[in-house]
Each structure stands twice: as structure tokens, then as C-alpha cells.
file query-v8.cif (mmCIF, C-alpha atoms)
data_model
loop_
_atom_site.label_atom_id
_atom_site.label_comp_id
_atom_site.auth_asym_id
_atom_site.auth_seq_id
_atom_site.Cartn_x
_atom_site.Cartn_y
_atom_site.Cartn_z
CA MET A 5 -77.14 -73.07 -12.42
CA ARG A 6 -77.83 -69.82 -14.26
CA ARG A 7 -80.97 -69.97 -16.36
CA ARG A 8 -82.44 -67.87 -19.15
CA ILE A 9 -85.90 -66.86 -17.91
CA TRP A 10 -88.74 -64.94 -19.53
CA LEU A 11 -91.03 -63.25 -16.99
CA THR A 12 -94.22 -61.44 -17.96
CA GLY A 13 -96.10 -58.95 -15.80
CA ALA A 14 -92.73 -57.90 -14.39
CA SER A 15 -93.44 -54.24 -13.63
CA SER A 16 -95.41 -54.57 -10.38
CA GLY A 17 -96.78 -56.90 -7.71
CA ILE A 18 -95.66 -60.52 -7.66
CA GLY A 19 -93.94 -60.11 -11.03
CA LEU A 20 -91.66 -57.28 -9.92
CA ALA A 21 -90.83 -59.01 -6.62
CA LEU A 22 -90.16 -62.28 -8.44
CA ALA A 23 -87.88 -60.51 -10.92
CA GLU A 24 -85.84 -59.28 -7.94
CA GLU A 25 -85.55 -62.81 -6.52
CA LEU A 26 -84.50 -64.32 -9.84
CA LEU A 27 -81.93 -61.61 -10.54
CA LYS A 28 -80.50 -61.83 -7.02
CA ALA A 29 -80.07 -65.57 -7.62
CA GLY A 30 -77.90 -64.75 -10.66
CA HIS A 31 -80.27 -65.72 -13.46
CA GLN A 32 -80.68 -63.92 -16.78
CA VAL A 33 -84.20 -62.55 -16.99
CA ALA A 34 -86.11 -61.16 -19.96
CA LEU A 35 -88.63 -58.73 -18.49
CA THR A 36 -91.97 -58.04 -20.17
CA ALA A 37 -94.62 -55.49 -19.19
CA ARG A 38 -96.31 -52.47 -20.76
CA ASN A 39 -94.79 -50.10 -18.19
CA ILE A 40 -91.09 -50.00 -19.04
CA GLU A 41 -89.84 -47.75 -16.20
CA PRO A 42 -89.64 -50.48 -13.50
CA LEU A 43 -87.93 -52.76 -16.02
CA GLU A 44 -85.33 -50.12 -16.82
CA ALA A 45 -84.69 -49.63 -13.10
CA LEU A 46 -83.91 -53.33 -12.77
CA ASP A 47 -81.70 -53.14 -15.85
CA LEU A 48 -79.65 -50.39 -14.20
CA ARG A 49 -79.13 -52.56 -11.13
CA TYR A 50 -78.49 -55.83 -13.00
CA PRO A 51 -77.08 -54.62 -16.36
CA ARG A 52 -75.59 -57.93 -17.48
CA GLN A 53 -78.57 -60.03 -16.45
CA VAL A 54 -81.64 -58.15 -17.67
CA LEU A 55 -83.00 -58.34 -21.20
CA LEU A 56 -85.58 -55.62 -21.73
CA ALA A 57 -88.52 -57.03 -23.64
CA PRO A 58 -91.42 -54.61 -23.04
CA GLY A 59 -94.73 -54.89 -24.83
CA ASP A 60 -98.45 -55.53 -24.64
CA ILE A 61 -99.03 -59.29 -24.44
CA THR A 62 -102.64 -58.91 -25.62
CA ASP A 63 -101.18 -58.04 -29.04
CA LEU A 64 -99.95 -61.19 -30.79
CA GLU A 65 -97.62 -59.25 -33.08
CA GLN A 66 -95.90 -57.68 -30.09
CA VAL A 67 -95.58 -61.06 -28.36
CA THR A 68 -94.05 -62.54 -31.51
CA ALA A 69 -91.59 -59.64 -31.64
CA ILE A 70 -90.66 -60.27 -27.99
CA GLY A 71 -90.00 -63.92 -28.78
CA GLU A 72 -87.84 -62.94 -31.73
CA ARG A 73 -85.86 -60.51 -29.56
CA ILE A 74 -85.16 -63.20 -26.97
CA ALA A 75 -84.15 -65.61 -29.73
CA GLN A 76 -81.75 -63.07 -31.25
CA VAL A 77 -80.03 -62.31 -27.94
CA TRP A 78 -80.10 -65.66 -26.14
CA GLY A 79 -81.02 -68.21 -28.78
CA ALA A 80 -83.24 -70.15 -26.36
CA LEU A 81 -85.16 -70.11 -23.08
CA ASP A 82 -84.79 -72.39 -20.09
CA THR A 83 -87.81 -71.11 -18.15
CA ALA A 84 -90.90 -69.09 -19.04
CA ILE A 85 -92.94 -67.64 -16.17
CA LEU A 86 -96.22 -66.28 -17.53
CA ASN A 87 -97.42 -64.10 -14.71
CA ALA A 88 -99.18 -61.13 -16.36
CA GLY A 89 -102.85 -60.72 -15.55
CA THR A 90 -105.66 -58.41 -14.56
CA CYS A 91 -108.78 -58.47 -12.40
CA GLU A 92 -112.21 -56.85 -12.66
CA TYR A 93 -115.34 -57.75 -10.71
CA ILE A 94 -118.80 -58.41 -12.10
CA ASP A 95 -121.93 -56.57 -10.99
CA ALA A 96 -124.56 -59.12 -11.95
CA SER A 97 -127.31 -56.48 -11.90
CA ARG A 98 -125.50 -54.72 -14.77
CA PHE A 99 -123.70 -57.63 -16.43
CA ASP A 100 -120.94 -56.35 -18.71
CA ALA A 101 -119.89 -58.83 -21.40
CA LEU A 102 -117.15 -56.52 -22.68
CA MET A 103 -115.57 -56.58 -19.25
CA VAL A 104 -115.55 -60.37 -19.33
CA GLU A 105 -113.90 -60.18 -22.74
CA ARG A 106 -111.19 -57.81 -21.42
CA VAL A 107 -110.34 -60.03 -18.48
CA VAL A 108 -110.34 -63.26 -20.48
CA ARG A 109 -108.26 -61.65 -23.24
CA THR A 110 -105.58 -60.55 -20.78
CA ASN A 111 -105.52 -63.57 -18.50
CA LEU A 112 -106.17 -66.44 -20.89
CA ILE A 113 -105.82 -65.43 -24.55
CA ALA A 114 -102.70 -63.31 -24.02
CA THR A 115 -101.18 -66.11 -21.94
CA SER A 116 -101.74 -68.47 -24.87
CA TYR A 117 -99.92 -66.02 -27.16
CA CYS A 118 -96.97 -66.14 -24.77
CA ILE A 119 -97.09 -69.94 -24.58
CA GLN A 120 -96.90 -70.14 -28.38
CA GLU A 121 -93.67 -68.11 -28.47
CA ALA A 122 -92.23 -69.58 -25.27
CA LEU A 123 -92.48 -73.18 -26.45
CA ILE A 124 -90.46 -72.42 -29.58
CA LEU A 125 -87.59 -71.22 -27.37
CA LEU A 126 -88.05 -73.71 -24.54
CA ARG A 127 -87.56 -76.59 -26.98
CA LEU A 128 -84.05 -75.23 -27.55
CA GLY A 129 -83.27 -74.72 -23.85
CA GLN A 130 -81.82 -76.69 -20.97
CA ARG A 131 -84.26 -78.65 -18.75
CA PRO A 132 -87.14 -76.51 -20.06
CA HIS A 133 -89.74 -75.32 -17.59
CA LEU A 134 -93.08 -73.63 -18.36
CA VAL A 135 -94.71 -71.83 -15.41
CA GLY A 136 -98.17 -70.27 -15.39
CA VAL A 137 -99.76 -68.10 -12.71
CA ALA A 138 -103.43 -68.87 -12.12
CA SER A 139 -105.26 -68.08 -8.87
CA SER A 140 -106.75 -69.79 -5.84
CA VAL A 141 -110.13 -68.41 -6.98
CA ALA A 142 -110.16 -71.19 -9.59
CA PHE A 143 -110.74 -73.74 -6.81
CA LEU A 144 -114.17 -72.39 -5.81
CA PRO A 145 -116.79 -70.07 -7.37
CA LEU A 146 -116.93 -66.80 -5.44
CA THR A 147 -119.28 -63.84 -5.63
CA ARG A 148 -118.46 -61.19 -8.29
CA SER A 149 -115.55 -63.32 -9.58
CA GLU A 150 -117.27 -64.61 -12.71
CA ALA A 151 -114.86 -63.00 -15.20
CA TYR A 152 -111.66 -63.31 -13.19
CA GLY A 153 -112.45 -66.81 -11.95
CA ALA A 154 -113.44 -68.05 -15.41
CA SER A 155 -110.23 -66.68 -16.93
CA LYS A 156 -108.03 -68.22 -14.22
CA ALA A 157 -109.91 -71.53 -14.35
CA GLY A 158 -109.13 -71.49 -18.07
CA VAL A 159 -105.45 -70.87 -17.34
CA ARG A 160 -105.48 -73.73 -14.84
CA TYR A 161 -107.02 -76.19 -17.31
CA LEU A 162 -104.74 -75.01 -20.12
CA PHE A 163 -101.55 -75.61 -18.15
CA ARG A 164 -102.68 -78.91 -16.65
CA SER A 165 -103.49 -80.23 -20.12
CA LEU A 166 -100.20 -78.93 -21.51
CA ARG A 167 -98.40 -80.72 -18.67
CA ILE A 168 -99.64 -84.02 -20.11
CA ASP A 169 -98.89 -83.23 -23.74
CA LEU A 170 -95.44 -81.69 -23.14
CA ALA A 171 -94.19 -84.43 -20.82
CA ARG A 172 -92.94 -86.55 -23.72
CA GLU A 173 -90.74 -83.62 -24.80
CA GLY A 174 -89.25 -83.24 -21.35
CA ILE A 175 -90.86 -79.83 -20.75
CA ASP A 176 -91.98 -79.52 -17.13
CA VAL A 177 -95.10 -77.49 -16.35
CA THR A 178 -95.80 -75.82 -13.00
CA LEU A 179 -99.00 -74.02 -12.06
CA VAL A 180 -98.90 -71.25 -9.43
CA SER A 181 -102.13 -70.48 -7.54
CA PRO A 182 -101.72 -67.58 -5.12
CA GLY A 183 -104.25 -66.48 -2.54
CA PHE A 184 -104.53 -62.81 -1.64
CA VAL A 185 -101.29 -60.89 -2.23
CA ASP A 186 -100.65 -57.18 -1.73
CA THR A 187 -100.37 -55.78 -5.27
CA PRO A 188 -101.61 -52.69 -7.13
CA LEU A 189 -104.56 -54.82 -8.31
CA THR A 190 -105.63 -56.04 -4.87
CA ALA A 191 -105.14 -52.55 -3.45
CA LYS A 192 -108.36 -51.67 -5.30
CA ASN A 193 -110.35 -54.38 -3.50
CA ASP A 194 -112.99 -53.08 -1.10
CA PHE A 195 -113.46 -56.33 0.81
CA ALA A 196 -111.56 -58.33 3.42
CA MET A 197 -108.66 -60.42 2.09
CA PRO A 198 -107.95 -63.20 4.62
CA MET A 199 -104.43 -64.57 5.07
CA ARG A 200 -103.01 -61.90 2.76
CA TRP A 201 -99.29 -62.09 1.90
CA SER A 202 -96.91 -59.36 0.81
CA ALA A 203 -95.60 -59.53 -2.77
CA PRO A 204 -91.98 -60.15 -1.63
CA LYS A 205 -93.12 -63.04 0.60
CA ALA A 206 -95.10 -64.58 -2.26
CA ALA A 207 -92.21 -64.13 -4.70
CA LEU A 208 -89.71 -65.76 -2.33
CA HIS A 209 -92.09 -68.68 -1.78
CA ILE A 210 -92.44 -69.20 -5.55
CA ALA A 211 -88.72 -68.78 -6.32
CA GLU A 212 -87.63 -71.24 -3.64
CA ARG A 213 -89.91 -73.92 -5.02
CA LEU A 214 -89.05 -73.30 -8.65
CA HIS A 215 -85.37 -73.84 -7.79
CA LYS A 216 -85.96 -77.34 -6.39
CA SER A 217 -84.37 -80.16 -8.39
CA ARG A 218 -87.72 -81.98 -8.49
CA ARG A 219 -90.02 -79.38 -9.94
CA PRO A 220 -93.42 -78.98 -8.32
CA LEU A 221 -96.57 -79.55 -10.33
CA ASP A 222 -98.38 -76.90 -8.29
CA ILE A 223 -97.38 -74.04 -6.01
CA SER A 224 -100.43 -72.93 -4.01
CA PHE A 225 -100.44 -70.62 -1.00
CA PRO A 226 -101.22 -69.83 1.74
CA LEU A 227 -101.93 -73.44 2.66
CA PRO A 228 -104.79 -72.81 5.17
CA LEU A 229 -106.70 -70.77 2.58
CA ILE A 230 -106.10 -73.32 -0.18
CA LEU A 231 -107.27 -76.20 2.03
CA THR A 232 -110.38 -74.25 3.05
CA LEU A 233 -111.33 -73.52 -0.57
CA LYS A 234 -110.74 -77.12 -1.65
CA LEU A 235 -112.74 -78.51 1.28
CA VAL A 236 -115.69 -76.20 0.60
CA ALA A 237 -115.52 -77.22 -3.08
CA LEU A 238 -116.17 -80.82 -1.96
CA LEU A 239 -119.47 -79.90 -0.29
CA PRO A 240 -122.79 -80.56 -2.07
CA GLU A 241 -123.59 -77.89 -4.66
CA ARG A 242 -126.63 -76.58 -2.78
CA LEU A 243 -124.61 -76.14 0.40
CA GLN A 244 -121.92 -74.32 -1.59
CA LEU A 245 -124.65 -72.08 -3.01
CA ALA A 246 -126.02 -71.34 0.45
CA LEU A 247 -122.56 -70.38 1.71
CA GLY A 248 -121.88 -68.29 -1.39
CA LYS A 249 -125.18 -66.40 -1.04
CA ARG A 250 -124.13 -65.29 2.45
CA MET A 251 -121.18 -63.47 0.87
CA VAL A 252 -123.25 -61.55 -1.70
CA ARG A 253 -123.67 -57.84 -1.04
CA ALA A 254 -126.94 -56.00 -1.05
CA PRO A 255 -127.28 -53.46 -3.92
CA GLY A 256 -125.09 -50.44 -3.20
CA GLN A 257 -123.32 -52.14 -0.30
CA THR A 258 -119.55 -51.85 -0.06
CA GLY A 259 -117.16 -54.11 1.80
CA ASP A 260 -114.70 -53.27 4.50
CA ALA A 261 -111.61 -51.91 2.79
CA GLN A 262 -108.42 -53.69 3.83
#
call {"tool": "encode", "arguments": {"input": "query-v8.cif", "output": "C-alpha cells"}}
result
Amino acid sequence: MRRRIWLTGASSGIGLALAEELLKAGHQVALTARNIEPLEALDLRYPRQVLLAPGDITDLEQVTAIGERIAQVWGALDTAILNAGTCEYIDASRFDALMVERVVRTNLIATSYCIQEALILLRLGQRPHLVGVASSVAFLPLTRSEAYGASKAGVRYLFRSLRIDLAREGIDVTLVSPGFVDTPLTAKNDFAMPMRWSAPKAALHIAERLHKSRRPLDISFPLPLILTLKLVALLPERLQLALGKRMVRAPGQTGDAQ
């Protein structure tokens, strides 16, 4: 069944690969990102399926305009996949509150802007489905991940709560929690990324599960990493702290680039 889908963060990484999967499956996809060139390339390849909806989702006025554009062209949405996000790492010796604000604004506040507009259109759609992309980092506190982890933990709580409140309206909510995936963001990481997946592999994994008749509550991968994080999160707090301290770098130390 062809669906009308809004996908944010569609210009690179998981978003771009997921756009490919959805378009290959025959769906209509409204593509949002600040960088319009990759979106236009997809539009050339899938001219009757793509709706160009570029913009900066940290700007509420632009998000509202995107929602209005989708409404004018399609009238409704069947699925919203809110994937856009960013990552920066904290140096606790020089704590930067403005950096925390940037990351939270992009990952959590901007996502809430998109939810506001998406719900208006999903209520008019067929078997509406709201999908949010969080992160496996939300399962366990990790060194230098204070800003990113806090923002993604916020996304996780937001979507899990919405799942309860939207159930009576028949709007399904799925939360995606990837592990390490090869993207332009993770390419900047200077530490080992265990069990890393390619963006196309991650996108295929997500798309296959979103297409199931019984929609998943959560899509988390890779399973060994997710199980490890969840098991460690069950340990006593002081043991978690001891394990976490072993991962902390000495001042000036860099990790092994992967």
C-alpha cells in the first residue's frame, strides 16, 4: 500500500538511505533537510514520488511552512519519520552549556516542532504512524555523551509518552534506537565504534520493520550491542560508574580513529 511519508534529516546518513528504501518501495515521500541538493537528486530519480520540503527544523516558522506545503499537496500524512539530529561531545574540563543547548535544540526541541505539525496531518491520514529516531546511547550513560545522550533520552521519553496518549486516536508510535552507523556525523568520531553498521544496512532494517502489518513499538539494533547496554544498565550504580570511569580519557588523549 502506497503511503504518504514525511522524512526529516533526509540529505545524508540513515535519512538518505531510508529515503531510497521508501521510494524504491513505491511510497510518496516528503523530504526535509537544510541541504537541498541530495533531495533534488532524489526528485530527479523519483519525480512523481518526491515532495521537496527543505528547511531548517530548528526554526518553528519553517517547520510550520513545511507542514502547510505537505497539506496543500497531499492533504494528509500517513507516516512521519522524524530522523533529523546532530551530535557533539562534552569536554567536562571545559563544560560548554551553549553546546548542550545546540544539541538539545536540534534533537529534542526541533523534533517537537515537527511532531506538532505532523500530528495535524496524521490525524487526516490512513493508519497513521509516528516514528522517532532516538539512539542506543539513551540506554546507558556514556563518557562525553552528556549533551547527545540527554537529548536522545528526552526524545525516547517524549515518544514513549506520546505512544500512550495517542493510542486512543489510533496513531501508532515507533521508536528507533540505532547503535553505531556509518554517517557523516560518526565519521568525525575519534574512538572505536563496535558492531558498526552501514547506513544502507540500517535503513533496510528499519524499512522492513516499519512495513510489517503489526507495527513495532521499538526498532533497536544491532541486537548484541543493545543487549549489552541494557544488561550493564541493570548493574548497581557504583559498578556502572566504575566501568564508565575506565572509558574516560586522560586530558589531551585521543581515541583510535575508526
call {"tool": "resolve_selection", "arguments": {"input": "query-v8.cif", "expression": "the PyMOL selection byres ((chain A and resi 223-237) around 8)", "output": "number ranges by chain"}}
result
A: 140, 143-144, 178-183, 198-199, 201, 210, 213, 220-222, 238-239, 244
call {"tool": "write_last_selection", "arguments": {"input": "query-v8.cif", "atoms": "C-alpha atoms", "output": "short mmCIF file (atom, residue, chain, number, x, y, z; two decimals), in the coordinates of the input"}}
result
data_model
loop_
_atom_site.label_atom_id
_atom_site.label_comp_id
_atom_site.auth_asym_id
_atom_site.auth_seq_id
_atom_site.Cartn_x
_atom_site.Cartn_y
_atom_site.Cartn_z
CA SER A 140 -106.75 -69.79 -5.84
CA PHE A 143 -110.74 -73.74 -6.81
CA LEU A 144 -114.17 -72.39 -5.81
CA THR A 178 -95.80 -75.82 -13.00
CA LEU A 179 -99.00 -74.02 -12.06
CA VAL A 180 -98.90 -71.25 -9.43
CA SER A 181 -102.13 -70.48 -7.54
CA PRO A 182 -101.72 -67.58 -5.12
CA GLY A 183 -104.25 -66.48 -2.54
CA PRO A 198 -107.95 -63.20 4.62
CA MET A 199 -104.43 -64.57 5.07
CA TRP A 201 -99.29 -62.09 1.90
CA ILE A 210 -92.44 -69.20 -5.55
CA ARG A 213 -89.91 -73.92 -5.02
CA PRO A 220 -93.42 -78.98 -8.32
CA LEU A 221 -96.57 -79.55 -10.33
CA ASP A 222 -98.38 -76.90 -8.29
CA LEU A 238 -116.17 -80.82 -1.96
CA LEU A 239 -119.47 -79.90 -0.29
CA GLN A 244 -121.92 -74.32 -1.59
#
call {"tool": "closest_residue", "arguments": {"input": "query-v8.cif", "among": "A:Leu48, A:Ala21, A:Ile61, A:Ala75", "to": "Leu208 in chain A", "atoms": "all atoms listed in the file"}}
result
A:Ala21
call {"tool": "residues_around", "arguments": {"input": "query-v8.cif", "residues": "Ala23 in chain A", "least_positions_apart": "3", "cutoff": "10 Å", "atoms": "only C-alpha atoms", "output": "count of residues only"}}
result
25
call {"tool": "resolve_selection", "arguments": {"input": "query-v8.cif", "expression": "the PyMOL selection byres ((chain A and resi 117) around 10)", "output": "list of chain:residue names"}}
result
A:Ile61, A:Thr62, A:Asp63, A:Leu64, A:Glu65, A:Gln66, A:Val67, A:Thr68, A:Leu112, A:Ile113, A:Ala114, A:Thr115, A:Ser116, A:Cys118, A:Ile119, A:Gln120, A:Glu121, A:Ala122
call {"tool": "resolve_selection", "arguments": {"input": "query-v8.cif", "expression": "the PyMOL selection byres ((chain A and resi 83) around 12)", "output": "ChimeraX atom specification"}}
result
/A:6-12,26,31-34,80-82,84-86,119,122-136,175-178,214-215,219
call {"tool": "atom_distance", "arguments": {"input": "query-v8.cif", "atom1": "CA of Ala101 in chain A", "atom2": "CA of Arg242 in chain A"}}
result
26.6 Å
call {"tool": "atom_distance", "arguments": {"input": "query-v8.cif", "atom1": "CA of Thr90 in chain A", "atom2": "CA of Arg164 in chain A"}}
result
20.8 Å
call {"tool": "axis_aligned_box", "arguments": {"input": "query-v8.cif", "around": "range 18-35 of chain A", "padding_each_side": "8 Å", "output": "AutoDock Vina command-line options"}}
result
--center_x -86.8 --center_y -61.5 --center_z -13.2 --size_x 33.8 --size_y 24.4 --size_z 29.4
call {"tool": "closest_residue", "arguments": {"input": "query-v8.cif", "among": "A:Glu24, A:Asp60, A:Lys216, A:Arg250", "to": "Asp47 in chain A", "atoms": "only C-alpha atoms"}}
result
A:Glu24
call {"tool": "atom_distance", "arguments": {"input": "query-v8.cif", "atom1": "CA of Lys205 in chain A", "atom2": "CA of Val185 in chain A"}}
result
8.9 Å
call {"tool": "residues_near_point", "arguments": {"input": "query-v8.cif", "point": "(-93.0, -54.6, -21.3)", "cutoff": "7 Å", "atoms": "only C-alpha atoms", "output": "VMD selection string"}}
result
chain A and resid 35 to 40 57 to 60
call {"tool": "residues_around", "arguments": {"input": "query-v8.cif", "residues": "Ala151 in chain A", "least_positions_apart": "2", "cutoff": "10 Å", "atoms": "all atoms listed in the file", "output": "PDB file with C-alpha atoms, in the coordinates of the input"}}
result
ATOM      1  CA  CYS A  91    -108.780 -58.470 -12.400  1.00  0.00           C
ATOM      2  CA  GLU A  92    -112.210 -56.850 -12.660  1.00  0.00           C
ATOM      3  CA  TYR A  93    -115.340 -57.750 -10.710  1.00  0.00           C
ATOM      4  CA  ILE A  94    -118.800 -58.410 -12.100  1.00  0.00           C
ATOM      5  CA  ASP A 100    -120.940 -56.350 -18.710  1.00  0.00           C
ATOM      6  CA  ALA A 101    -119.890 -58.830 -21.400  1.00  0.00           C
ATOM      7  CA  MET A 103    -115.570 -56.580 -19.250  1.00  0.00           C
ATOM      8  CA  VAL A 104    -115.550 -60.370 -19.330  1.00  0.00           C
ATOM      9  CA  GLU A 105    -113.900 -60.180 -22.740  1.00  0.00           C
ATOM     10  CA  ARG A 106    -111.190 -57.810 -21.420  1.00  0.00           C
ATOM     11  CA  VAL A 107    -110.340 -60.030 -18.480  1.00  0.00           C
ATOM     12  CA  VAL A 108    -110.340 -63.260 -20.480  1.00  0.00           C
ATOM     13  CA  ASN A 111    -105.520 -63.570 -18.500  1.00  0.00           C
ATOM     14  CA  ARG A 148    -118.460 -61.190  -8.290  1.00  0.00           C
ATOM     15  CA  SER A 149    -115.550 -63.320  -9.580  1.00  0.00           C
ATOM     16  CA  GLY A 153    -112.450 -66.810 -11.950  1.00  0.00           C
ATOM     17  CA  ALA A 154    -113.440 -68.050 -15.410  1.00  0.00           C
ATOM     18  CA  SER A 155    -110.230 -66.680 -16.930  1.00  0.00           C
ATOM     19  CA  LYS A 156    -108.030 -68.220 -14.220  1.00  0.00           C
ATOM     20  CA  ALA A 157    -109.910 -71.530 -14.350  1.00  0.00           C
TER      21      ALA A 157
END
call {"tool": "closest_residue", "arguments": {"input": "query-v8.cif", "among": "A:Gly174, A:Pro42, A:Pro188, A:Gly30", "to": "Gly17 in chain A", "atoms": "all atoms listed in the file"}}
result
A:Pro188
